[in-house]
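Trainee: Structure: model_25.txt, compact mmCIF, C-alpha atoms.
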# COMPACT_ATOMS: atom_id res chain seq x y z
CA MET Y 111 3.43 -30.36 -4.04
CA THR Y 112 3.40 -26.61 -3.33
CA LEU Y 113 5.58 -24.90 -0.73
CA VAL Y 114 2.51 -24.50 1.46
CA GLN Y 115 1.67 -28.20 1.19
CA LEU Y 116 5.26 -29.15 2.00
CA ALA Y 117 5.33 -26.91 5.06
CA LEU Y 118 2.02 -28.28 6.33
CA ALA Y 119 3.10 -31.86 5.68
CA ALA Y 120 6.12 -31.28 7.90
CA LEU Y 121 3.80 -30.25 10.70
CA ALA Y 122 1.29 -33.06 10.21
CA GLY Y 123 1.02 -35.20 13.29
CA SER Y 124 2.30 -32.49 15.58
CA GLY Y 125 -1.21 -32.01 16.95
CA PHE Y 126 -1.09 -28.26 16.42
CA VAL Y 127 -4.40 -26.62 17.29
CA ALA Y 128 -4.25 -22.86 17.61
CA ALA Y 129 -6.69 -20.61 19.42
CA ALA Y 130 -7.49 -18.01 16.79
CA PRO Y 131 -9.11 -14.71 17.74
CA GLY Y 132 -12.90 -14.41 17.47
CA LEU Y 133 -12.88 -13.84 13.73
CA LYS Y 134 -16.12 -12.68 12.11
CA ILE Y 135 -17.65 -13.81 8.83
CA GLY Y 136 -20.64 -11.59 8.30
CA THR Y 137 -21.55 -12.69 4.79
CA ILE Y 138 -24.85 -14.41 4.11
CA LEU Y 139 -23.87 -17.49 2.11
CA PRO Y 140 -26.04 -19.11 -0.58
CA GLU Y 141 -27.29 -22.63 0.05
CA ASN Y 142 -24.82 -24.07 -2.46
CA ALA Y 143 -21.74 -22.44 -0.91
CA GLY Y 144 -19.00 -24.54 0.57
CA PRO Y 145 -17.93 -25.22 3.87
CA GLY Y 146 -17.41 1.90 18.13
CA ARG Y 147 -18.29 3.36 21.07
CA SER Y 148 -17.31 6.99 20.28
CA THR Y 149 -18.53 10.38 19.20
CA VAL Y 150 -20.78 11.08 16.24
CA THR Y 151 -20.33 14.08 13.98
CA VAL Y 152 -23.74 15.73 13.69
CA ARG Y 153 -24.52 18.83 11.71
CA SER Y 154 -26.82 20.47 14.28
CA PRO Y 155 -29.27 23.30 13.65
CA THR Y 156 -28.00 26.66 14.88
CA ASN Y 157 -31.31 27.99 16.25
CA PHE Y 158 -32.60 27.08 19.71
CA ASN Y 159 -35.79 25.01 19.52
CA ALA Y 160 -37.99 25.52 22.56
CA THR Y 161 -40.40 22.73 21.61
CA MET Y 162 -37.65 20.16 21.46
CA SER Y 163 -36.12 21.48 24.67
CA LEU Y 164 -39.45 21.09 26.51
CA TYR Y 165 -39.93 17.61 25.08
CA LYS Y 166 -36.48 16.44 26.18
CA THR Y 167 -36.91 17.95 29.65
CA MET Y 168 -40.25 16.18 30.15
CA LEU Y 169 -38.72 12.87 29.13
CA LYS Y 170 -35.73 13.42 31.38
CA TYR Y 171 -37.95 13.85 34.43
CA GLY Y 172 -40.42 11.12 33.57
CA LYS Y 173 -43.30 13.36 32.45
CA LYS Y 174 -45.49 12.14 29.61
CA PRO Y 175 -45.64 14.65 26.74
CA SER Y 176 -49.10 15.61 25.52
CA ALA Y 177 -50.40 14.35 22.20
CA SER Y 178 -50.01 17.80 20.70
CA LEU Y 179 -46.40 18.03 21.84
CA GLU Y 180 -45.68 14.56 20.42
CA ALA Y 181 -47.17 15.69 17.11
CA ALA Y 182 -45.11 18.90 17.09
CA VAL Y 183 -41.93 16.96 17.78
CA ALA Y 184 -42.74 14.51 14.98
CA GLU Y 185 -43.09 17.45 12.56
CA ILE Y 186 -39.77 18.92 13.69
CA GLN Y 187 -38.03 15.58 13.26
CA ALA Y 188 -39.55 15.10 9.81
CA ALA Y 189 -38.41 18.57 8.77
CA ALA Y 190 -34.92 17.88 10.08
CA LEU Y 191 -34.83 14.66 8.09
CA ALA Y 192 -35.82 16.47 4.92
CA LYS Y 193 -32.98 18.97 5.36
CA ARG Y 194 -30.26 16.56 6.42
CA SER Y 195 -28.32 15.25 3.48
CA THR Y 196 -25.04 13.86 4.86
CA GLY Y 197 -23.79 12.12 7.97
CA GLU Y 198 -20.68 10.63 9.52
CA VAL Y 199 -20.33 7.96 12.20
CA SER Y 200 -17.29 6.46 13.86
CA ALA Y 201 -16.19 2.85 13.45
CA THR Y 202 -14.14 1.62 16.41
CA PRO Y 203 -12.39 -1.78 16.66
CA ASN Y 204 -13.90 -4.00 19.34
CA ASP Y 205 -10.51 -5.49 20.27
CA GLU Y 206 -6.79 -5.46 19.45
CA TYR Y 207 -7.30 -7.81 16.50
CA ASP Y 208 -9.84 -5.56 14.73
CA ASP Y 209 -12.27 -8.51 14.76
CA ALA Y 210 -15.17 -6.11 14.19
CA TYR Y 211 -15.85 -2.39 14.06
CA LEU Y 212 -18.60 -0.83 16.16
CA SER Y 213 -20.61 2.31 15.48
CA PRO Y 214 -23.06 4.10 17.81
CA VAL Y 215 -26.68 3.94 16.62
CA SER Y 216 -29.71 5.60 18.21
CA ILE Y 217 -33.06 3.80 18.14
CA GLY Y 218 -36.45 4.97 19.40
CA THR Y 219 -37.95 7.90 21.29
CA PRO Y 220 -36.28 8.76 23.58
CA ALA Y 221 -33.15 7.48 21.88
CA GLN Y 222 -31.63 4.21 23.02
CA SER Y 223 -27.95 3.98 22.06
CA LEU Y 224 -26.47 0.68 20.89
CA ASN Y 225 -23.06 -0.19 19.41
CA LEU Y 226 -23.66 -2.05 16.16
CA ASP Y 227 -21.48 -3.83 13.62
CA PHE Y 228 -22.03 -2.49 10.08
CA ASP Y 229 -22.07 -5.41 7.64
CA THR Y 230 -22.02 -4.95 3.86
CA GLY Y 231 -22.30 -8.73 3.45
CA SER Y 232 -25.83 -8.99 4.88
CA SER Y 233 -29.02 -6.93 4.91
CA ASP Y 234 -30.71 -7.36 8.29
CA PHE Y 235 -30.85 -4.58 10.91
CA TRP Y 236 -31.12 -6.59 14.12
CA VAL Y 237 -30.39 -5.91 17.77
CA PHE Y 238 -30.28 -7.54 21.17
CA SER Y 239 -33.59 -6.62 22.76
CA SER Y 240 -35.73 -6.83 25.86
CA LEU Y 241 -37.15 -9.97 24.21
CA THR Y 242 -33.77 -11.73 24.17
CA PRO Y 243 -33.62 -14.32 27.00
CA SER Y 244 -31.44 -13.12 29.86
CA SER Y 245 -29.36 -16.30 29.53
CA GLN Y 246 -28.33 -15.12 26.05
CA VAL Y 247 -27.40 -11.58 27.09
CA ASN Y 248 -23.88 -11.07 28.38
CA GLY Y 249 -23.38 -7.36 28.95
CA GLN Y 250 -24.83 -6.19 25.63
CA SER Y 251 -27.01 -3.09 25.55
CA THR Y 252 -30.55 -4.00 24.52
CA TYR Y 253 -33.32 -2.26 22.62
CA ASN Y 254 -36.60 -2.09 24.54
CA PRO Y 255 -39.45 -1.25 22.14
CA SER Y 256 -41.90 -0.75 25.01
CA SER Y 257 -39.73 2.16 26.20
CA SER Y 258 -39.98 3.91 22.84
CA SER Y 259 -43.06 6.01 22.06
CA SER Y 260 -42.29 5.71 18.34
CA SER Y 261 -42.03 1.89 18.15
CA LYS Y 262 -44.70 -0.16 16.39
CA LEU Y 263 -44.85 -3.94 16.18
CA VAL Y 264 -45.05 -5.20 12.60
CA SER Y 265 -47.85 -7.74 12.91
CA GLY Y 266 -46.91 -11.23 11.74
CA ALA Y 267 -43.37 -10.29 10.71
CA THR Y 268 -40.49 -12.53 11.78
CA TRP Y 269 -36.85 -12.95 10.78
CA SER Y 270 -34.12 -15.54 11.08
CA ILE Y 271 -30.57 -15.19 9.80
CA THR Y 272 -27.49 -17.43 9.56
CA TYR Y 273 -24.10 -15.91 8.80
CA GLY Y 274 -21.06 -17.41 7.10
CA ASP Y 275 -19.50 -18.38 10.45
CA GLN Y 276 -22.76 -20.21 11.32
CA SER Y 277 -23.75 -17.67 13.98
CA THR Y 278 -27.52 -17.13 14.08
CA SER Y 279 -30.21 -14.84 15.41
CA SER Y 280 -33.99 -14.54 15.01
CA GLY Y 281 -37.00 -12.69 16.34
CA VAL Y 282 -39.78 -10.23 15.57
CA VAL Y 283 -39.92 -6.83 13.88
CA TYR Y 284 -40.76 -3.28 14.96
CA THR Y 285 -40.63 -0.01 13.09
CA ASP Y 286 -38.92 2.80 14.95
CA THR Y 287 -36.88 5.96 14.51
CA VAL Y 288 -33.21 5.24 13.79
CA THR Y 289 -30.39 7.79 13.66
CA ILE Y 290 -26.88 7.00 12.39
CA GLY Y 291 -24.27 9.74 12.19
CA GLY Y 292 -26.94 12.44 12.30
CA VAL Y 293 -29.04 10.90 9.51
CA THR Y 294 -32.52 9.83 10.66
CA PHE Y 295 -35.16 7.55 9.24
CA ALA Y 296 -38.44 7.59 11.14
CA SER Y 297 -39.79 4.13 10.30
CA GLN Y 298 -36.83 1.77 10.00
CA GLN Y 299 -37.68 -1.89 10.42
CA VAL Y 300 -35.71 -2.95 13.50
CA GLU Y 301 -35.40 -6.68 14.01
CA ALA Y 302 -35.63 -7.41 17.74
CA ALA Y 303 -33.84 -10.62 18.69
CA LYS Y 304 -35.74 -13.28 20.61
CA SER Y 305 -32.87 -15.72 20.21
CA VAL Y 306 -29.14 -15.41 19.43
CA SER Y 307 -26.43 -18.06 19.09
CA SER Y 308 -23.68 -18.49 21.68
CA SER Y 309 -21.11 -16.72 19.49
CA PHE Y 310 -23.13 -13.50 19.67
CA THR Y 311 -23.78 -13.95 23.39
CA SER Y 312 -20.07 -14.39 24.11
CA ASP Y 313 -19.12 -11.12 22.39
CA SER Y 314 -20.42 -8.55 24.86
CA SER Y 315 -19.18 -5.60 22.80
CA ILE Y 316 -21.58 -6.12 19.87
CA ASP Y 317 -25.22 -5.14 20.44
CA GLY Y 318 -26.36 -6.19 16.96
CA LEU Y 319 -25.75 -5.61 13.26
CA VAL Y 320 -26.67 -3.08 10.60
CA GLY Y 321 -26.88 -4.87 7.26
CA LEU Y 322 -25.70 -2.71 4.35
CA GLY Y 323 -26.01 -5.29 1.58
CA PHE Y 324 -28.86 -5.22 -0.95
CA ASP Y 325 -32.52 -5.63 0.01
CA ASN Y 326 -32.99 -8.96 -1.79
CA ILE Y 327 -31.22 -10.93 0.96
CA ASN Y 328 -33.07 -9.42 3.92
CA THR Y 329 -34.66 -12.26 5.92
CA VAL Y 330 -37.82 -10.56 7.25
CA ARG Y 331 -40.92 -12.54 6.28
CA PRO Y 332 -43.53 -12.49 4.86
CA THR Y 333 -42.31 -9.20 3.34
CA ALA Y 334 -38.60 -8.36 3.22
CA ALA Y 335 -37.48 -5.14 4.91
CA LYS Y 336 -35.37 -2.41 3.35
CA THR Y 337 -31.93 -1.66 4.73
CA PHE Y 338 -31.23 1.62 6.48
CA PHE Y 339 -29.17 2.73 3.48
CA SER Y 340 -32.00 1.95 1.05
CA ASN Y 341 -34.40 3.97 3.18
CA ILE Y 342 -32.22 7.09 3.44
CA LYS Y 343 -30.60 6.95 0.01
CA SER Y 344 -33.02 9.32 -1.72
CA SER Y 345 -32.52 11.99 0.97
CA LEU Y 346 -28.71 11.99 0.73
CA ASP Y 347 -26.71 14.50 -1.32
CA GLN Y 348 -25.28 11.49 -3.16
CA PRO Y 349 -26.73 7.93 -3.02
CA LEU Y 350 -23.63 6.40 -1.47
CA PHE Y 351 -21.71 5.64 1.69
CA THR Y 352 -17.96 5.37 2.18
CA VAL Y 353 -15.90 3.11 4.39
CA ASP Y 354 -12.63 4.20 5.97
CA LEU Y 355 -11.65 1.48 8.43
CA LYS Y 356 -8.39 1.82 10.35
CA HIS Y 357 -5.78 -0.61 11.67
CA GLN Y 358 -6.14 -0.67 15.48
CA ALA Y 359 -7.73 2.78 15.40
CA THR Y 360 -11.08 4.48 14.91
CA GLY Y 361 -12.27 5.03 11.34
CA THR Y 362 -15.54 6.27 9.85
CA TYR Y 363 -18.57 5.52 7.74
CA ASP Y 364 -19.76 8.57 5.79
CA PHE Y 365 -23.23 8.81 4.24
CA GLY Y 366 -24.05 10.97 1.23
CA PHE Y 367 -20.64 12.48 0.52
CA ILE Y 368 -17.02 11.65 -0.34
CA ASP Y 369 -14.39 13.20 1.91
CA THR Y 370 -11.40 13.86 -0.36
CA ALA Y 371 -9.12 14.23 2.68
CA LYS Y 372 -9.49 10.53 3.46
CA TYR Y 373 -7.70 9.12 0.43
CA THR Y 374 -4.77 9.75 -1.90
CA GLY Y 375 -4.71 9.82 -5.68
CA SER Y 376 -7.96 9.07 -7.50
CA ILE Y 377 -10.89 6.70 -6.97
CA THR Y 378 -11.15 3.79 -9.39
CA TYR Y 379 -14.66 2.47 -9.89
CA THR Y 380 -15.68 -1.05 -10.81
CA SER Y 381 -19.07 -2.55 -11.57
CA VAL Y 382 -21.05 -4.52 -8.98
CA SER Y 383 -23.24 -7.59 -9.32
CA THR Y 384 -26.21 -7.46 -6.93
CA THR Y 385 -27.70 -10.85 -7.87
CA ASN Y 386 -26.68 -12.45 -4.56
CA GLY Y 387 -27.40 -9.33 -2.53
CA TRP Y 388 -23.70 -8.57 -2.06
CA TRP Y 389 -21.35 -5.80 -3.18
CA GLN Y 390 -19.73 -8.29 -5.56
CA PHE Y 391 -16.97 -7.22 -7.97
CA THR Y 392 -14.05 -8.64 -9.93
CA SER Y 393 -10.48 -7.87 -8.92
CA SER Y 394 -7.95 -7.76 -11.75
CA GLY Y 395 -5.21 -9.75 -10.00
CA TYR Y 396 -2.64 -9.82 -7.20
CA GLN Y 397 1.00 -9.23 -6.30
CA VAL Y 398 2.99 -10.69 -3.40
CA GLY Y 399 5.66 -8.39 -1.99
CA SER Y 400 7.93 -7.14 -4.77
CA ASN Y 401 7.00 -9.96 -7.14
CA SER Y 402 5.44 -9.17 -10.49
CA PHE Y 403 1.71 -8.49 -10.67
CA VAL Y 404 -0.29 -11.55 -11.70
CA SER Y 405 -3.29 -10.71 -13.88
CA SER Y 406 -6.19 -12.88 -12.77
CA SER Y 407 -9.96 -12.32 -12.53
CA ILE Y 408 -10.88 -12.79 -8.86
CA ASN Y 409 -14.62 -12.45 -8.28
CA GLY Y 410 -15.39 -11.61 -4.67
CA ILE Y 411 -17.35 -9.42 -2.29
CA ALA Y 412 -16.45 -6.31 -0.31
CA ASP Y 413 -17.59 -7.25 3.19
CA THR Y 414 -17.15 -5.07 6.27
CA GLY Y 415 -18.65 -7.83 8.43
CA THR Y 416 -15.83 -10.31 7.78
CA THR Y 417 -12.49 -9.96 9.57
CA LEU Y 418 -10.17 -11.74 7.15
CA LEU Y 419 -9.28 -11.75 3.47
CA PHE Y 420 -10.27 -15.01 1.71
CA LEU Y 421 -8.73 -15.57 -1.73
CA PRO Y 422 -8.05 -18.48 -4.13
CA THR Y 423 -5.46 -21.20 -3.58
CA ALA Y 424 -3.05 -19.68 -6.12
CA VAL Y 425 -2.81 -16.52 -4.01
CA ILE Y 426 -2.47 -18.56 -0.82
CA ASN Y 427 0.45 -20.55 -2.27
CA ALA Y 428 2.19 -17.42 -3.55
CA TRP Y 429 1.87 -15.50 -0.27
CA TYR Y 430 2.54 -18.27 2.27
CA GLY Y 431 5.33 -19.56 0.02
CA LYS Y 432 7.37 -16.54 1.08
CA PHE Y 433 7.73 -17.82 4.66
CA THR Y 434 10.82 -19.88 5.45
CA GLN Y 435 10.27 -20.96 9.08
CA GLY Y 436 7.39 -23.31 8.40
CA LEU Y 437 3.62 -22.99 8.61
CA ALA Y 438 0.91 -24.36 10.86
CA GLN Y 439 -2.74 -25.12 10.39
CA ASP Y 440 -5.43 -25.40 13.04
CA SER Y 441 -8.39 -27.75 13.20
CA GLN Y 442 -10.55 -25.24 11.31
CA GLY Y 443 -8.13 -25.09 8.39
CA LEU Y 444 -6.76 -21.60 9.20
CA LEU Y 445 -3.11 -21.01 8.33
CA TYR Y 446 -0.43 -19.55 10.62
CA PHE Y 447 3.16 -18.43 10.07
CA HIS Y 448 6.09 -18.26 12.49
CA CYS Y 449 5.92 -15.03 14.50
CA THR Y 450 9.64 -14.39 14.02
CA GLU Y 451 8.99 -13.70 10.34
CA THR Y 452 7.71 -10.54 8.69
CA ALA Y 453 4.68 -11.06 6.50
CA PRO Y 454 5.07 -9.85 2.91
CA SER Y 455 2.71 -7.21 1.62
CA LEU Y 456 -0.14 -8.21 -0.68
CA THR Y 457 -1.49 -6.06 -3.51
CA PHE Y 458 -4.77 -6.61 -5.32
CA GLY Y 459 -5.98 -4.95 -8.48
CA VAL Y 460 -9.12 -2.95 -9.19
CA GLY Y 461 -8.95 -2.41 -12.92
CA SER Y 462 -5.62 -0.71 -13.50
CA ALA Y 463 -5.45 0.56 -9.90
CA ARG Y 464 -3.51 -1.24 -7.17
CA ILE Y 465 -4.38 -1.49 -3.46
CA THR Y 466 -1.49 -2.63 -1.26
CA ILE Y 467 -2.12 -4.29 2.10
CA PRO Y 468 0.97 -3.75 4.29
CA SER Y 469 2.58 -6.39 6.47
CA LYS Y 470 1.19 -5.01 9.74
CA ILE Y 471 -2.39 -5.55 8.61
CA LEU Y 472 -1.73 -9.09 7.33
CA ASN Y 473 -0.37 -10.21 10.73
CA LEU Y 474 -3.27 -10.59 13.17
CA GLY Y 475 -0.95 -11.43 16.04
CA VAL Y 476 -0.19 -14.51 18.12
CA GLY Y 477 -2.74 -17.26 17.63
CA ASP Y 478 -1.51 -20.11 19.86
CA SER Y 479 -0.78 -20.61 23.54
CA THR Y 480 2.99 -20.89 23.02
CA GLY Y 481 3.35 -17.53 21.29
CA THR Y 482 5.02 -19.21 18.32
CA TRP Y 483 2.47 -18.92 15.53
CA CYS Y 484 0.80 -15.79 14.16
CA VAL Y 485 -2.57 -15.67 12.40
CA GLY Y 486 -2.37 -14.85 8.72
CA GLY Y 487 -4.76 -12.15 7.59
CA LEU Y 488 -5.03 -13.98 4.25
CA GLN Y 489 -6.83 -17.33 4.23
CA ASN Y 490 -8.05 -19.80 1.64
CA ALA Y 491 -11.45 -19.04 0.10
CA ASN Y 492 -12.09 -22.79 -0.05
CA LEU Y 493 -12.90 -22.57 3.67
CA ILE Y 494 -15.92 -20.39 2.85
CA GLY Y 495 -16.80 -21.15 -0.74
CA ILE Y 496 -16.40 -17.59 -2.01
CA ASN Y 497 -13.68 -14.93 -2.21
CA ILE Y 498 -14.21 -12.27 0.46
CA PHE Y 499 -12.42 -8.92 0.65
CA GLY Y 500 -12.98 -8.49 4.38
CA ASP Y 501 -11.62 -5.94 6.83
CA VAL Y 502 -7.98 -6.94 6.19
CA ALA Y 503 -8.41 -5.64 2.63
CA LEU Y 504 -10.77 -2.77 3.44
CA LYS Y 505 -8.43 -1.30 6.08
CA ALA Y 506 -5.88 -0.71 3.31
CA ALA Y 507 -8.26 1.35 1.19
CA PHE Y 508 -10.88 4.06 1.08
CA VAL Y 509 -13.97 2.42 -0.40
CA VAL Y 510 -17.07 4.00 -1.95
CA PHE Y 511 -20.27 1.94 -1.93
CA ASP Y 512 -22.26 3.73 -4.62
CA GLY Y 513 -25.95 2.76 -4.57
CA SER Y 514 -27.03 4.69 -7.65
CA SER Y 515 -29.22 3.07 -10.32
CA THR Y 516 -26.16 1.19 -11.55
CA PRO Y 517 -24.34 0.23 -8.31
CA ARG Y 518 -20.56 0.31 -8.26
CA LEU Y 519 -17.61 0.17 -5.90
CA GLY Y 520 -14.90 2.82 -5.79
CA TRP Y 521 -11.42 2.02 -4.45
CA ALA Y 522 -8.65 4.44 -3.56
CA SER Y 523 -5.35 4.19 -1.72
CA LYS Y 524 -4.81 6.00 1.58
CA THR Y 525 -2.21 6.48 4.26
CA VAL Y 526 -2.21 3.33 6.41
Let me see whether you can do it: turn the structure in this file into structure tokens.
Mentor:
Amino acid sequence: MTLVQLALAALAGSGFVAAAPGLKIGTILPENAGPGRSTVTVRSPTNFNATMSLYKTMLKYGKKPSASLEAAVAEIQAAALAKRSTGEVSATPNDEYDDAYLSPVSIGTPAQSLNLDFDTGSSDFWVFSSLTPSSQVNGQSTYNPSSSSSSKLVSGATWSITYGDQSTSSGVVYTDTVTIGGVTFASQQVEAAKSVSSSFTSDSSIDGLVGLGFDNINTVRPTAAKTFFSNIKSSLDQPLFTVDLKHQATGTYDFGFIDTAKYTGSITYTSVSTTNGWWQFTSSGYQVGSNSFVSSSINGIADTGTTLLFLPTAVINAWYGKFTQGLAQDSQGLLYFHCTETAPSLTFGVGSARITIPSKILNLGVGDSTGTWCVGGLQNANLIGINIFGDVALKAAFVVFDGSSTPRLGWASKTV
């Protein structure tokens, strides 16, 4: 019996059921799997544009622009799109646990601003909308296609998605202008929700998701939609985006460029399997605290839409085996350690490179009503059926999602 099993056996029968934070699992799981609201950096043109100024003024005061003005604005926007080659958008935690990171996204004409969760583990761009029943909306901002002059209903198109935490949403599809971090695509397929599950309703901070996985797992039918990244990729300086999530602070997503100021040392690249639509790679092993590095092939996915880090049982036993004050497990199978203890660091390998997750990121804070037990940022992959390098791992690194003809992931250390 392992140390973890012994500790849990000692607690069996105690009736421990902890109230974990609203953890997110954004990955789309295969059928055979087991059980920020902030400023955007925009590179603006330096010359005053009278046509755009008139257009915005008319919209502000409820005047309908003429057809010729609409056409002129469309040309200006198309030209701006052709010139724009990079963009940056903020990613702000939605709560003290970093359950999810929200980024401002503009949809439609005039622009409607929503705070969306960017998810590299799925590929649907969906939002709360004017079609979502009022009983399922709980303070979220909604997209109203009828208020956008650039929206078009995609006849016969529907979508329905189920995430790894069993949250669901479904609805119909429009094309509309979408801008993220100053990068615009004029005909993005926007999935307008007609129904969302209670878990989405209860989280008033999240207005929808932007899937950044691969196109083959998009759920729009009869014809799958392309992700925002797929649509803009050819217009970017480089066909990539980078993720720089922060611990209890605002980070960024950058499109089309790599900001060398955001990481230390060099970037180590590893190949990606796209078969399942994920950014799936193989880690070269792990290290707990100051223990020796254990070489082990750990195949998993880099997923910004999942809060925790899910790894194999061997890693679980090694990490939780460091705690001496006992462990607890809730009814969902999540593990907790005594809050008086300091969590050991955890290092994972990418080729010969090492990414170290510090103690502060691996402790998600108090998870029960007594204040005794803290949520471990590392959990057993058996709960999900796949290894997931979620936000707990991503916060410790600067990560490049390279969408070139041979996709790859780049990992670098950074100041945490």
Trainee: Quote the spacing between CA of Gly495 in chain Y and CA of Lys432 in chain Y in Å to one decimal place.
Mentor: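 The value is 24.7 Å.
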Trainee: Can you work out the spacing between CA of Val300 in chain Y and CA of Asp286 in chain Y in Å, to one decimal?
Mentor: 6.7 Å
Trainee: May I ask which of the residues Y:Phe391, Y:Phe228, Y:Phe235, Y:Phe420 is the closest one to Gly486 in chain Y, counting only C-alpha atoms?
Mentor: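 Residue with the minimum atom-to-atom distance to Gly486 in chain Y: Y:Phe420.
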Trainee: Select, from Y:Asn204, Y:Ser305, Y:Ser402, Y:Gln439, the residue with the minimum atom-to-atom distance to Asn490 in chain Y, counting all atoms listed in the file.
Mentor: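 Among the listed residues, Y:Gln439 lies closest to Asn490 in chain Y.
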Trainee: Contacts between range 508-519 of chain Y and range 374-493 of chain Y, please, where a residue of range 374-493 of chain Y counts if it comes within 12 Å (with all atoms listed in the file); show its shortest atom pair and distance in Å to one decimal, rows by chain and ascending number, as a Markdown table.
Mentor:
| residue | atom | partner | partner_atom | distance |
| --- | --- | --- | --- | --- |
| Y:Thr374 | CA | Y:Phe508 | CA | 8.9 |
| Y:Gly375 | CA | Y:Phe508 | CA | 10.8 |
| Y:Ser376 | CA | Y:Phe508 | CA | 10.4 |
| Y:Ile377 | CA | Y:Val510 | CA | 8.4 |
| Y:Thr378 | CA | Y:Leu519 | CA | 8.2 |
| Y:Tyr379 | CA | Y:Leu519 | CA | 5.5 |
| Y:Thr380 | CA | Y:Leu519 | CA | 5.4 |
| Y:Ser381 | CA | Y:Arg518 | CA | 4.6 |
| Y:Val382 | CA | Y:Arg518 | CA | 4.9 |
| Y:Ser383 | CA | Y:Pro517 | CA | 8.0 |
| Y:Thr384 | CA | Y:Pro517 | CA | 8.0 |
| Y:Thr385 | CA | Y:Pro517 | CA | 11.6 |
| Y:Gly387 | CA | Y:Pro517 | CA | 11.6 |
| Y:Trp388 | CA | Y:Pro517 | CA | 10.8 |
| Y:Trp389 | CA | Y:Leu519 | CA | 7.6 |
| Y:Gln390 | CA | Y:Leu519 | CA | 8.7 |
| Y:Phe391 | CA | Y:Leu519 | CA | 7.7 |
| Y:Thr392 | CA | Y:Leu519 | CA | 10.3 |
| Y:Ser393 | CA | Y:Leu519 | CA | 11.2 |
| Y:Ile411 | CA | Y:Leu519 | CA | 10.3 |
| Y:Ala412 | CA | Y:Leu519 | CA | 8.6 |
| Y:Asp413 | CA | Y:Phe511 | CA | 10.9 |
| Y:Thr414 | CA | Y:Val509 | CA | 10.5 |
| Y:Val460 | CA | Y:Leu519 | CA | 9.6 |
| Y:Gly461 | CA | Y:Leu519 | CA | 11.4 |
| Y:Ile465 | CA | Y:Phe508 | CA | 9.7 |
| Y:Thr466 | CA | Y:Phe508 | CA | 11.8 |
Trainee: Range 228-293 of chain Y near range 327-331 of chain Y within 8 Å: what's each residue's closest atom pair and its distance in Å to one decimal, counting all atoms listed in the file, ordered by chain then ascending residue number, as a Markdown table?
Mentor:
| residue | atom | partner | partner_atom | distance |
| --- | --- | --- | --- | --- |
| Y:Ser232 | CA | Y:Ile327 | CA | 6.9 |
| Y:Ser233 | CA | Y:Asn328 | CA | 4.9 |
| Y:Asp234 | CA | Y:Asn328 | CA | 5.4 |
| Y:Ala267 | CA | Y:Arg331 | CA | 5.5 |
| Y:Thr268 | CA | Y:Arg331 | CA | 5.5 |
| Y:Trp269 | CA | Y:Val330 | CA | 4.4 |
| Y:Ser270 | CA | Y:Thr329 | CA | 6.1 |
| Y:Ile271 | CA | Y:Thr329 | CA | 6.4 |
| Y:Val283 | CA | Y:Val330 | CA | 7.9 |
Trainee: May I have the selected residues written with C-alpha atoms, as a PDB file, keeping the file's coordinate frame?
Mentor:
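Output below, filename again.pdb:
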ATOM      1  CA  SER Y 232     -25.830  -8.990   4.880  1.00  0.00           C
ATOM      2  CA  SER Y 233     -29.020  -6.930   4.910  1.00  0.00           C
ATOM      3  CA  ASP Y 234     -30.710  -7.360   8.290  1.00  0.00           C
ATOM      4  CA  ALA Y 267     -43.370 -10.290  10.710  1.00  0.00           C
ATOM      5  CA  THR Y 268     -40.490 -12.530  11.780  1.00  0.00           C
ATOM      6  CA  TRP Y 269     -36.850 -12.950  10.780  1.00  0.00           C
ATOM      7  CA  SER Y 270     -34.120 -15.540  11.080  1.00  0.00           C
ATOM      8  CA  ILE Y 271     -30.570 -15.190   9.800  1.00  0.00           C
ATOM      9  CA  VAL Y 283     -39.920  -6.830  13.880  1.00  0.00           C
TER      10      VAL Y 283
END
Trainee: Go through Y:Leu437, Y:Ala201, Y:Leu355, Y:Ile494 and flag the residue nearest Ser213 in chain Y, using all atoms listed in the file for the distances.
Mentor: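 With all atoms listed in the file as the atom set, the closest residue is Y:Ala201.
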Trainee: What's the separation between CA of Asp313 in chain Y and CA of Val237 in chain Y, in Å to one decimal place?
Mentor: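 Distance between the two atoms: 13.2 Å.
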Trainee: Find the residue from Y:Gly249, Y:Gly487, Y:Pro468, Y:Gly292 that sits nearest to Lys524 in chain Y; use all atoms listed in the file when measuring.
Mentor: Y:Pro468
Trainee: Which is closest to Ile496 in chain Y among Y:Ile217, Y:Val264, Y:Ala438, Y:Leu421, if we use all atoms listed in the file?
Mentor: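 Closest candidate: Y:Leu421.
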Trainee: Can you tell me, as an MDAnalysis selection string, what residues are no more than 10 Å from Gly443 in chain Y when counting all atoms listed in the file, ignoring any on the same chain fewer than 6 positions away?
Mentor: chainID Y and resid 127 489:490 492:493
Trainee: Which residue gives the smallest distance to Asp478 in chain Y among Y:Val398, Y:Asp440, Y:Arg464, Y:Ala506, with only C-alpha atoms counted?
Mentor: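 Closest to Asp478 in chain Y, using only C-alpha atoms: Y:Asp440.
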Trainee: Tell me which protein, DNA and RNA residues are within 6 Å of Gly197 in chain Y, counting only C-alpha atoms, leaving out same-chain ones fewer than 6 positions away, and put them as number ranges by chain.
Mentor: Y: 291-293, 364-365
Trainee: Please determine the residues with any atom at most 6 Å from (3.2, -16.6, 12.4) (coordinates as given in the file, with all atoms listed in the file counting) and report them as a PDB file with C-alpha atoms, in the coordinates of the input.
Mentor:
ATOM      1  CA  TYR Y 446      -0.430 -19.550  10.620  1.00  0.00           C
ATOM      2  CA  PHE Y 447       3.160 -18.430  10.070  1.00  0.00           C
ATOM      3  CA  HIS Y 448       6.090 -18.260  12.490  1.00  0.00           C
ATOM      4  CA  CYS Y 449       5.920 -15.030  14.500  1.00  0.00           C
ATOM      5  CA  TRP Y 483       2.470 -18.920  15.530  1.00  0.00           C
ATOM      6  CA  CYS Y 484       0.800 -15.790  14.160  1.00  0.00           C
ATOM      7  CA  VAL Y 485      -2.570 -15.670  12.400  1.00  0.00           C
TER       8      VAL Y 485
END
